[in-house]
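*Asks:* Input file: work_14.txt. Contents: compact mmCIF, C-alpha atoms.
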# COMPACT_ATOMS: atom_id res chain seq x y z
CA MET A 1 -58.49 -147.89 60.91
CA THR A 2 -55.04 -148.81 62.16
CA ASN A 3 -51.75 -148.43 60.37
CA GLN A 4 -49.93 -150.94 62.54
CA ASP A 5 -48.81 -154.36 61.41
CA VAL A 6 -50.76 -157.01 63.27
CA VAL A 7 -48.89 -160.10 64.35
CA VAL A 8 -50.53 -163.52 64.61
CA SER A 9 -48.58 -166.39 66.12
CA GLU A 10 -49.39 -169.77 67.63
CA MET A 11 -50.01 -168.03 70.96
CA GLY A 12 -52.52 -165.75 69.30
CA ILE A 13 -54.46 -168.60 67.74
CA ALA A 14 -54.53 -170.48 71.04
CA ALA A 15 -55.89 -167.38 72.73
CA GLY A 16 -58.50 -166.93 70.05
CA ALA A 17 -56.93 -163.75 68.76
CA GLY A 18 -57.71 -162.80 65.18
CA LEU A 19 -56.27 -160.00 63.14
CA PRO A 20 -57.42 -156.77 64.79
CA GLY A 21 -60.08 -154.56 63.45
CA PRO A 22 -59.72 -151.09 62.10
CA GLY A 23 -58.59 -148.49 63.99
CA SER A 24 -21.56 -155.05 47.94
CA PRO A 25 -19.94 -157.20 50.38
CA ALA A 26 -19.29 -154.31 52.78
CA GLY A 27 -22.87 -153.18 52.33
CA LEU A 28 -24.15 -156.71 52.88
CA PHE A 29 -22.04 -157.11 56.01
CA ALA A 30 -23.26 -153.81 57.44
CA CYS A 31 -26.83 -154.72 56.63
CA ARG A 32 -26.65 -158.13 58.27
CA SER A 33 -24.90 -156.65 61.31
CA ALA A 34 -27.73 -154.15 61.71
CA ALA A 35 -30.25 -157.00 61.69
CA ALA A 36 -28.23 -159.52 63.74
CA GLY A 37 -29.97 -160.58 66.90
CA ALA A 38 -32.97 -158.49 65.96
CA MET A 39 -35.52 -161.25 66.47
CA SER A 40 -37.30 -160.77 69.77
CA MET A 41 -39.92 -163.28 70.91
CA ARG A 42 -40.80 -160.99 73.83
CA GLN A 43 -41.55 -158.16 71.41
CA THR A 44 -43.59 -160.54 69.26
CA TYR A 45 -45.57 -161.44 72.37
CA LEU A 46 -46.11 -157.78 73.23
CA ASP A 47 -47.19 -157.04 69.66
CA LEU A 48 -49.53 -160.02 69.83
CA ALA A 49 -51.05 -158.92 73.13
CA ALA A 50 -51.69 -155.45 71.73
CA ALA A 51 -53.21 -156.95 68.60
CA ALA A 52 -55.49 -159.23 70.59
CA ALA A 53 -56.61 -156.35 72.81
CA ALA A 54 -57.37 -154.24 69.76
CA ALA A 55 -59.40 -157.05 68.27
CA ARG A 56 -61.42 -157.55 71.44
CA SER A 57 -61.95 -153.80 71.80
CA ALA A 58 -63.08 -153.43 68.21
CA GLY A 59 -65.40 -156.42 68.53
CA CYS A 60 -65.04 -157.39 64.89
CA THR A 61 -63.51 -160.22 62.89
CA TRP A 62 -60.24 -159.88 61.00
CA ALA A 63 -62.23 -160.30 57.77
CA GLU A 64 -64.19 -157.17 58.67
CA ALA A 65 -60.86 -155.41 59.27
CA MET A 66 -59.68 -156.60 55.86
CA ARG A 67 -62.85 -155.23 54.27
CA ALA A 68 -62.39 -151.91 56.04
CA SER A 69 -58.77 -151.63 54.90
CA SER A 70 -59.88 -151.89 51.26
CA PRO A 71 -63.14 -149.93 51.03
CA THR A 72 -65.14 -150.03 47.85
CA ARG A 73 -65.22 -146.92 45.71
CA SER A 74 -68.97 -146.45 45.85
CA SER A 75 -70.54 -143.01 46.03
CA ARG A 76 -69.78 -141.17 49.24
CA SER A 77 -72.37 -139.99 51.70
CA ALA A 78 -72.34 -136.42 52.97
CA ALA A 79 -70.73 -137.65 56.20
CA ASP A 80 -68.02 -139.43 54.21
CA VAL A 81 -67.34 -136.26 52.24
CA ASP A 82 -67.09 -134.22 55.45
CA GLU A 83 -64.71 -136.80 56.97
CA PHE A 84 -62.52 -136.78 53.86
CA THR A 85 -62.48 -132.98 53.76
CA ALA A 86 -61.34 -132.86 57.39
CA TRP A 87 -58.69 -135.50 56.69
CA VAL A 88 -57.33 -133.56 53.71
CA ARG A 89 -56.95 -130.46 55.90
CA LYS A 90 -54.63 -132.54 58.08
CA HIS A 91 -52.91 -134.28 55.15
CA PRO A 92 -53.20 -131.79 52.27
CA SER A 93 -52.69 -132.69 48.65
CA ALA A 94 -49.04 -132.66 47.60
CA LEU A 95 -50.22 -131.05 44.36
CA SER A 96 -52.13 -128.18 45.92
CA LYS A 97 -49.27 -127.64 48.38
CA PHE A 98 -46.53 -128.08 45.78
CA GLU A 99 -45.09 -124.59 46.29
CA GLU A 100 -44.84 -125.29 50.01
CA ILE A 101 -43.00 -128.55 49.26
CA ALA A 102 -40.74 -126.74 46.78
CA GLY A 103 -39.90 -124.24 49.50
CA LYS A 104 -38.92 -127.03 51.90
CA SER A 105 -36.81 -128.59 49.12
CA LYS A 106 -34.84 -125.44 48.34
CA GLY A 107 -31.14 -126.00 48.93
CA LYS A 108 -31.74 -129.66 49.78
CA LYS A 109 -30.61 -132.87 48.09
CA ILE A 110 -33.84 -134.75 47.35
CA VAL A 111 -33.82 -138.54 47.56
CA MET A 112 -36.94 -140.26 46.18
CA PHE A 113 -38.51 -143.42 47.60
CA MET A 114 -41.67 -144.91 46.09
CA ASP A 115 -43.84 -147.96 46.61
CA TYR A 116 -44.99 -149.77 43.47
CA ASP A 117 -48.49 -151.26 43.70
CA GLY A 118 -51.13 -148.59 44.22
CA THR A 119 -48.51 -145.86 43.84
CA LEU A 120 -46.85 -146.28 40.45
CA SER A 121 -49.38 -148.78 39.15
CA PRO A 122 -53.08 -149.24 39.90
CA ILE A 123 -54.26 -152.01 42.23
CA VAL A 124 -55.52 -154.83 40.01
CA ALA A 125 -57.23 -158.17 40.61
CA ASP A 126 -54.30 -160.22 39.30
CA PRO A 127 -50.99 -159.10 40.89
CA ASP A 128 -49.10 -160.56 37.92
CA THR A 129 -50.69 -157.95 35.64
CA ALA A 130 -49.97 -154.85 37.75
CA TYR A 131 -48.20 -153.09 34.92
CA MET A 132 -47.24 -149.43 35.11
CA SER A 133 -48.11 -147.23 32.16
CA ASP A 134 -45.50 -146.06 29.66
CA ALA A 135 -46.23 -142.51 30.76
CA MET A 136 -45.52 -143.39 34.40
CA ARG A 137 -42.31 -145.18 33.40
CA ALA A 138 -41.19 -142.09 31.51
CA ALA A 139 -41.95 -139.94 34.56
CA VAL A 140 -39.97 -142.23 36.89
CA ARG A 141 -37.08 -142.22 34.39
CA GLU A 142 -36.98 -138.41 34.51
CA VAL A 143 -37.13 -138.46 38.31
CA ALA A 144 -34.16 -140.85 38.43
CA LYS A 145 -32.18 -138.49 36.19
CA SER A 146 -32.76 -135.69 38.67
CA PHE A 147 -32.57 -137.44 42.06
CA PRO A 148 -31.33 -140.70 43.59
CA THR A 149 -34.43 -142.90 43.31
CA ALA A 150 -35.50 -146.14 44.99
CA ILE A 151 -38.52 -148.39 44.54
CA VAL A 152 -39.48 -149.97 47.88
CA SER A 153 -42.01 -152.78 47.49
CA GLY A 154 -43.35 -155.89 49.17
CA ARG A 155 -42.86 -157.63 45.84
CA CYS A 156 -39.93 -159.82 44.88
CA ARG A 157 -37.15 -157.44 43.85
CA ASP A 158 -36.67 -159.09 40.45
CA LYS A 159 -40.38 -158.92 39.72
CA VAL A 160 -40.82 -155.26 40.58
CA ARG A 161 -37.67 -154.45 38.59
CA SER A 162 -39.16 -156.23 35.57
CA PHE A 163 -42.38 -154.21 35.97
CA VAL A 164 -40.53 -150.89 36.21
CA GLY A 165 -37.98 -151.76 33.54
CA LEU A 166 -35.43 -149.10 34.53
CA SER A 167 -31.84 -149.98 35.42
CA ASP A 168 -30.60 -146.79 37.09
CA LEU A 169 -32.68 -147.18 40.24
CA TYR A 170 -32.30 -148.75 43.64
CA TYR A 171 -34.75 -151.61 44.18
CA ALA A 172 -35.81 -152.79 47.63
CA GLY A 173 -38.03 -155.87 47.40
CA SER A 174 -39.66 -158.05 50.06
CA HIS A 175 -40.53 -155.00 52.17
CA GLY A 176 -36.91 -153.85 52.13
CA MET A 177 -35.32 -157.24 52.90
CA ASP A 178 -33.74 -157.50 49.44
CA ILE A 179 -31.96 -154.32 48.30
CA LYS A 180 -29.84 -153.86 45.18
CA GLY A 181 -28.49 -150.72 43.59
CA PRO A 182 -28.28 -149.71 39.92
CA SER A 183 -27.08 -152.51 37.65
CA SER A 184 -24.71 -150.04 35.96
CA ASN A 185 -22.65 -149.94 39.15
CA PRO A 186 -20.67 -153.18 39.73
CA GLU A 187 -19.99 -152.17 43.34
CA SER A 188 -23.61 -151.38 43.98
CA VAL A 189 -25.05 -151.82 47.45
CA LEU A 190 -26.56 -155.17 48.38
CA CYS A 191 -28.60 -155.89 51.49
CA GLN A 192 -30.34 -159.16 52.36
CA PRO A 193 -30.81 -159.27 56.15
CA ALA A 194 -33.19 -162.25 56.04
CA SER A 195 -31.20 -164.60 53.78
CA GLU A 196 -31.18 -167.35 56.41
CA PHE A 197 -34.97 -167.57 56.12
CA LEU A 198 -35.02 -168.51 52.42
CA PRO A 199 -35.39 -172.31 52.95
CA MET A 200 -38.20 -171.73 55.45
CA ILE A 201 -40.01 -169.28 53.16
CA ASP A 202 -39.82 -171.75 50.25
CA GLU A 203 -41.17 -174.53 52.47
CA VAL A 204 -44.09 -172.43 53.68
CA TYR A 205 -44.82 -171.30 50.13
CA LYS A 206 -45.25 -174.89 48.91
CA THR A 207 -47.46 -175.72 51.89
CA LEU A 208 -49.67 -172.66 51.40
CA VAL A 209 -50.11 -173.35 47.68
CA GLU A 210 -51.30 -176.85 48.53
CA LYS A 211 -53.54 -175.72 51.40
CA THR A 212 -55.24 -172.89 49.53
CA LYS A 213 -55.74 -174.51 46.13
CA SER A 214 -59.28 -175.50 47.12
CA THR A 215 -60.27 -171.83 47.52
CA PRO A 216 -61.30 -170.28 44.19
CA GLY A 217 -59.46 -167.04 43.49
CA ALA A 218 -56.82 -167.46 46.18
CA LYS A 219 -53.27 -166.74 45.03
CA VAL A 220 -50.03 -167.29 46.92
CA GLU A 221 -47.17 -165.11 45.70
CA ASN A 222 -43.53 -165.90 46.51
CA ASN A 223 -41.71 -162.60 47.02
CA LYS A 224 -38.42 -164.35 47.89
CA PHE A 225 -38.05 -163.19 51.50
CA CYS A 226 -41.77 -162.96 52.22
CA LEU A 227 -45.04 -164.42 50.94
CA SER A 228 -48.37 -162.85 50.00
CA VAL A 229 -51.74 -164.58 50.09
CA HIS A 230 -54.07 -162.52 47.92
CA PHE A 231 -57.80 -162.30 48.76
CA ARG A 232 -58.86 -159.85 46.07
CA CYS A 233 -60.44 -162.50 43.81
CA VAL A 234 -61.85 -164.61 46.65
CA ASP A 235 -65.56 -164.53 47.57
CA GLU A 236 -65.84 -162.57 50.82
CA LYS A 237 -67.80 -165.47 52.35
CA ARG A 238 -64.61 -167.54 52.10
CA TRP A 239 -62.25 -164.96 53.63
CA ASN A 240 -62.44 -166.28 57.19
CA ALA A 241 -61.91 -169.88 56.08
CA LEU A 242 -58.93 -168.90 53.93
CA GLY A 243 -57.48 -166.85 56.76
CA GLU A 244 -57.75 -169.82 59.11
CA GLN A 245 -55.95 -172.01 56.56
CA VAL A 246 -53.10 -169.53 56.44
CA LYS A 247 -52.91 -169.19 60.23
CA THR A 248 -52.90 -172.97 60.65
CA VAL A 249 -49.81 -173.18 58.49
CA ILE A 250 -47.99 -170.21 60.04
CA LYS A 251 -48.51 -171.35 63.64
CA GLU A 252 -45.95 -174.07 62.95
CA TYR A 253 -43.33 -171.44 62.20
CA PRO A 254 -42.84 -169.16 65.25
CA LYS A 255 -39.96 -167.34 63.51
CA LEU A 256 -42.40 -165.95 60.94
CA LYS A 257 -45.07 -163.31 61.44
CA LEU A 258 -48.38 -162.71 59.70
CA THR A 259 -49.43 -159.18 58.75
CA GLN A 260 -52.45 -157.75 56.97
CA GLY A 261 -52.50 -155.45 53.95
CA ARG A 262 -55.06 -154.41 51.35
CA LYS A 263 -56.90 -157.70 50.67
CA VAL A 264 -53.70 -159.59 51.32
CA LEU A 265 -52.10 -161.51 54.17
CA GLU A 266 -48.31 -161.35 54.23
CA ILE A 267 -45.86 -163.74 55.84
CA ARG A 268 -42.51 -162.28 56.83
CA PRO A 269 -39.51 -163.20 59.00
CA SER A 270 -39.80 -161.86 62.55
CA ILE A 271 -36.78 -159.62 62.33
CA LYS A 272 -36.60 -155.91 63.00
CA TRP A 273 -36.50 -154.91 59.36
CA ASP A 274 -39.11 -153.11 57.31
CA LYS A 275 -39.48 -150.33 54.74
CA GLY A 276 -38.35 -147.78 57.31
CA LYS A 277 -35.14 -149.72 57.96
CA ALA A 278 -34.64 -150.00 54.19
CA LEU A 279 -34.98 -146.21 53.84
CA GLU A 280 -32.38 -145.66 56.57
CA PHE A 281 -30.01 -148.21 55.05
CA LEU A 282 -30.24 -146.62 51.61
CA LEU A 283 -29.67 -143.12 52.97
CA GLU A 284 -26.57 -144.39 54.78
CA SER A 285 -25.34 -146.22 51.68
CA LEU A 286 -25.73 -143.05 49.65
CA GLY A 287 -23.75 -141.09 52.23
CA PHE A 288 -26.74 -139.08 53.47
CA ALA A 289 -27.24 -140.61 56.91
CA ASN A 290 -26.07 -137.59 58.88
CA CYS A 291 -26.59 -134.86 56.30
CA SER A 292 -28.76 -131.93 57.29
CA ASP A 293 -29.16 -130.83 53.68
CA VAL A 294 -30.88 -134.00 52.43
CA LEU A 295 -34.65 -134.29 51.97
CA PRO A 296 -36.01 -137.85 51.64
CA VAL A 297 -39.41 -138.00 49.94
CA TYR A 298 -41.38 -141.23 50.38
CA ILE A 299 -44.60 -141.95 48.45
CA GLY A 300 -46.68 -145.01 49.27
CA ASP A 301 -50.23 -146.25 49.69
CA ASP A 302 -50.05 -149.25 52.04
CA ARG A 303 -49.84 -149.71 55.81
CA THR A 304 -46.35 -151.19 55.33
CA ASP A 305 -45.27 -147.76 54.06
CA GLU A 306 -46.13 -146.33 57.46
CA ASP A 307 -42.82 -147.68 58.78
CA ALA A 308 -41.03 -145.34 56.36
CA PHE A 309 -43.33 -142.43 57.20
CA LYS A 310 -42.56 -142.95 60.90
CA VAL A 311 -38.81 -142.87 60.23
CA LEU A 312 -39.16 -139.53 58.43
CA ARG A 313 -41.21 -138.06 61.28
CA LYS A 314 -38.69 -139.31 63.84
CA ARG A 315 -35.82 -137.80 61.86
CA GLY A 316 -37.71 -134.54 61.57
CA GLN A 317 -36.39 -134.53 58.07
CA GLY A 318 -38.22 -135.59 54.92
CA LEU A 319 -41.70 -135.74 53.47
CA GLY A 320 -44.13 -138.64 53.60
CA ILE A 321 -46.91 -138.70 51.00
CA LEU A 322 -49.77 -141.19 51.36
CA VAL A 323 -51.64 -142.29 48.25
CA SER A 324 -55.29 -142.76 49.22
CA LYS A 325 -58.81 -141.78 48.20
CA CYS A 326 -60.19 -142.34 51.69
CA PRO A 327 -59.23 -141.13 55.17
CA LYS A 328 -56.62 -143.25 56.95
CA GLU A 329 -54.58 -142.78 60.09
CA THR A 330 -51.11 -142.04 58.80
CA ASN A 331 -47.76 -140.56 59.70
CA ALA A 332 -47.51 -139.01 56.23
CA SER A 333 -47.62 -135.23 55.95
CA TYR A 334 -49.24 -134.98 52.53
CA SER A 335 -51.53 -137.02 50.32
CA LEU A 336 -52.26 -137.88 46.70
CA GLN A 337 -55.36 -139.72 45.56
CA ASP A 338 -54.08 -142.20 42.97
CA PRO A 339 -51.19 -143.10 40.61
CA THR A 340 -52.35 -140.44 38.15
CA GLU A 341 -51.77 -137.75 40.77
CA VAL A 342 -48.48 -139.39 41.71
CA MET A 343 -47.31 -139.05 38.09
CA GLU A 344 -48.38 -135.40 37.99
CA PHE A 345 -46.48 -134.72 41.20
CA LEU A 346 -43.33 -136.43 39.89
CA LEU A 347 -43.40 -134.44 36.67
CA ARG A 348 -43.86 -131.17 38.56
CA LEU A 349 -40.94 -132.07 40.81
CA VAL A 350 -38.70 -132.74 37.80
CA GLU A 351 -39.74 -129.47 36.18
CA TRP A 352 -39.09 -127.59 39.43
CA LYS A 353 -35.62 -129.15 39.59
CA ARG A 354 -34.85 -128.10 36.02
CA LYS A 355 -35.94 -124.53 36.61
CA SER A 356 -34.00 -124.36 39.87
CA SER A 357 -30.85 -125.66 38.17
CA SER A 358 -31.26 -123.23 35.27
CA SER A 359 -31.65 -120.23 37.56
CA LEU A 360 -28.45 -121.16 39.37
CA MET A 361 -26.54 -121.48 36.09
CA ILE A 362 -27.58 -118.05 34.79
CA ARG A 363 -27.27 -116.20 38.10
CA PRO A 364 -25.10 -113.10 37.46
CA ARG A 365 -21.85 -112.64 39.28
CA VAL A 366 -21.66 -109.90 41.88
Step by step, read the file and then write its structure as structure tokens.

*Replies:*
Amino acid sequence: MTNQDVVVSEMGIAAGAGLPGPGSPAGLFACRSAAAGAMSMRQTYLDLAAAAAAARSAGCTWAEAMRASSPTRSSRSAADVDEFTAWVRKHPSALSKFEEIAGKSKGKKIVMFMDYDGTLSPIVADPDTAYMSDAMRAAVREVAKSFPTAIVSGRCRDKVRSFVGLSDLYYAGSHGMDIKGPSSNPESVLCQPASEFLPMIDEVYKTLVEKTKSTPGAKVENNKFCLSVHFRCVDEKRWNALGEQVKTVIKEYPKLKLTQGRKVLEIRPSIKWDKGKALEFLLESLGFANCSDVLPVYIGDDRTDEDAFKVLRKRGQGLGILVSKCPKETNASYSLQDPTEVMEFLLRLVEWKRKSSSSLMIRPRV
């Protein structure tokens, strides 16, 4: 199973390539400058060629890849259990290795980054009802009191903020293409590197709604700077047909790219901006870009979170935690199985912070 985004353009359709198988004003100016000129058709072509090669090598349809990326939670065979056990040795539980994580955090300024769907809330059939529990909200509130905290989601920023319902956080919607800081700060950071694409995104949204309305269960979600076409409630027999409908629309827009997630196809601007770029931008905005005593912690469950995990590995600084119940290729160092474990980890982190702060306050003078 691959972690890479797969790009489908008009060239890819012509070549018969499907999605590959498994395997503040100043802030806004800086953000746009970082993204200016980032679109690269040559890179898109190279990504496409790699995707097509992977598809041919795998010998499977993109629908099969979609199915593999969202495996059912049926009982595991002995081989599956052995595979998962081996995977956990490589990506151990952040709960069982909490003391190790605490040791790495000692003397560091922790900055928290978290995905929403599948991380803070369970994956549900209707994306409009992906509510987080009151207990999870309370846990995130405590985390935000202890550390700078950001929610980084593919969702529309306003929507994910309404789900979380907390004002003292940084929110990065549309896979990091729409970033806003705490509402309590009038000079809060703002970053929208893909603002020029808004008219195009709205146009494609209307077209996709019309094209897909004949497919029962299909849902097109407008996330402001990107779009999601949800397959979760669509009969698997209709997946290929629905995918072709989406690709037919997108091939008319070479400045957009099509990527695959967990039972979802996502349409995004072809700029060099993702959750990893959002993480870097937020660290810089917080004044931590070149600090050796900062420890970014990123928790996410989707392949789009891999961009952030890669950034942390490249920096050699920070912890990536993948939320998954099944083995996946990942750049994360640790794992958690579900939102329940995520909440437990967050609460333990807050408690560790409190104890650490208390011990410093009562340390005797020498």

*Asks:* Quick one: of A:Thr85, A:Ser324, A:Thr149, A:Ser93, who's nearest to Ile110 (chain A), counting all atoms listed in the file?

*Replies:*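 Counting all atoms listed in the file, the residue closest to Ile110 (chain A) is A:Thr149.
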
*Asks:* With all atoms listed in the file as the basis for distance, which of A:Val189, A:Ile267, A:Met136, A:Val209 is at the shortest distance from Leu227 (chain A)?

*Replies:*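 With all atoms listed in the file as the atom set, the closest residue is A:Ile267.
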
*Asks:* Counting all atoms listed in the file, which residues have an atom no more than 10 Å from (-55.6, -137.8, 45.5) in the file's coordinates? Please list them as a list in words.

*Replies:*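 I get Val88, Pro92, Ser93, Ala94, Leu95, Leu322, Val323, Ser324, Lys325, Cys326, Tyr334, Ser335, Leu336, Gln337, Asp338, Pro339, Thr340, Glu341 and Val342 of chain A for the residues within 10 Å of that point.
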
*Asks:* Residues near region 215-223 of chain A, anyone? I mean within 10 Å using only C-alpha atoms, not counting same-chain ones fewer than 3 positions away, as an NGL selection string.

*Replies:* :A and (125-128 or 153-160 or 173-175 or 178 or 201-202 or 204-206 or 208-212 or 226-235 or 238-239 or 241-242 or 264-268)

*Asks:* Here is a test: counting all atoms listed in the file, which residue of A:Phe225, A:Leu319, A:Ala102, A:Arg354 is nearest to Glu142 (chain A)?

*Replies:*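 Once distances to Glu142 (chain A) are computed over all atoms listed in the file, the minimum belongs to A:Arg354.
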
*Asks:* Neighbours of region 305-317 of chain A within 8 Å (all atoms listed in the file; same-chain residues fewer than 3 positions away dropped), as a ChimeraX atom specification?

*Replies:* /A:3-4,115,274-277,279-280,294-296,298,300-302,320,330-332

*Asks:* As a PDB file with C-alpha atoms, in the frame of the given file, please: the residues near Leu169 (chain A) (cut-off 7 Å, all atoms listed in the file, same-chain neighbours under 5 positions excluded).

*Replies:*
ATOM      1  CA  ALA A 144     -34.160-140.850  38.430  1.00  0.00           C
ATOM      2  CA  THR A 149     -34.430-142.900  43.310  1.00  0.00           C
ATOM      3  CA  ALA A 150     -35.500-146.140  44.990  1.00  0.00           C
ATOM      4  CA  GLY A 181     -28.490-150.720  43.590  1.00  0.00           C
ATOM      5  CA  PRO A 182     -28.280-149.710  39.920  1.00  0.00           C
TER       6      PRO A 182
END

*Asks:* Have a look at CA of Met177 (chain A) and CA of Phe163 (chain A) and let me know their distance in Å, one decimal.

*Replies:* 18.6 Å

*Asks:* Report the distance between CA of Val111 (chain A) and CA of Tyr171 (chain A) in Å, rounded to one decimal place.

*Replies:* 13.5 Å

*Asks:* What is the CA of Ser184 (chain A)-CA of Val140 (chain A) distance in Å, reported with one decimal?

*Replies:* 17.2 Å

*Asks:* Which one of A:Tyr253, A:Phe288, A:Phe345, A:Trp87 sits closest to Lys108 (chain A) if you count all atoms listed in the file?

*Replies:*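 With all atoms listed in the file as the atom set, the closest residue is A:Phe288.
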
*Asks:* Where's the centre, and what are the edge lengths in Å to one decimal, of a box along x, y and z enclosing all listed atoms of region 76-91 of chain A padded 8 Å per side, as AutoDock Vina command-line options?

*Replies:*
--center_x -62.6 --center_y -135.8 --center_z 53.7 --size_x 35.5 --size_y 26.7 --size_z 24.8

*Asks:* Using all atoms listed in the file, which of A:Ser96, A:Met112, A:Leu190, A:Glu252 sits nearest Arg141 (chain A)?

*Replies:*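 Smallest distance to Arg141 (chain A) is found for A:Met112.
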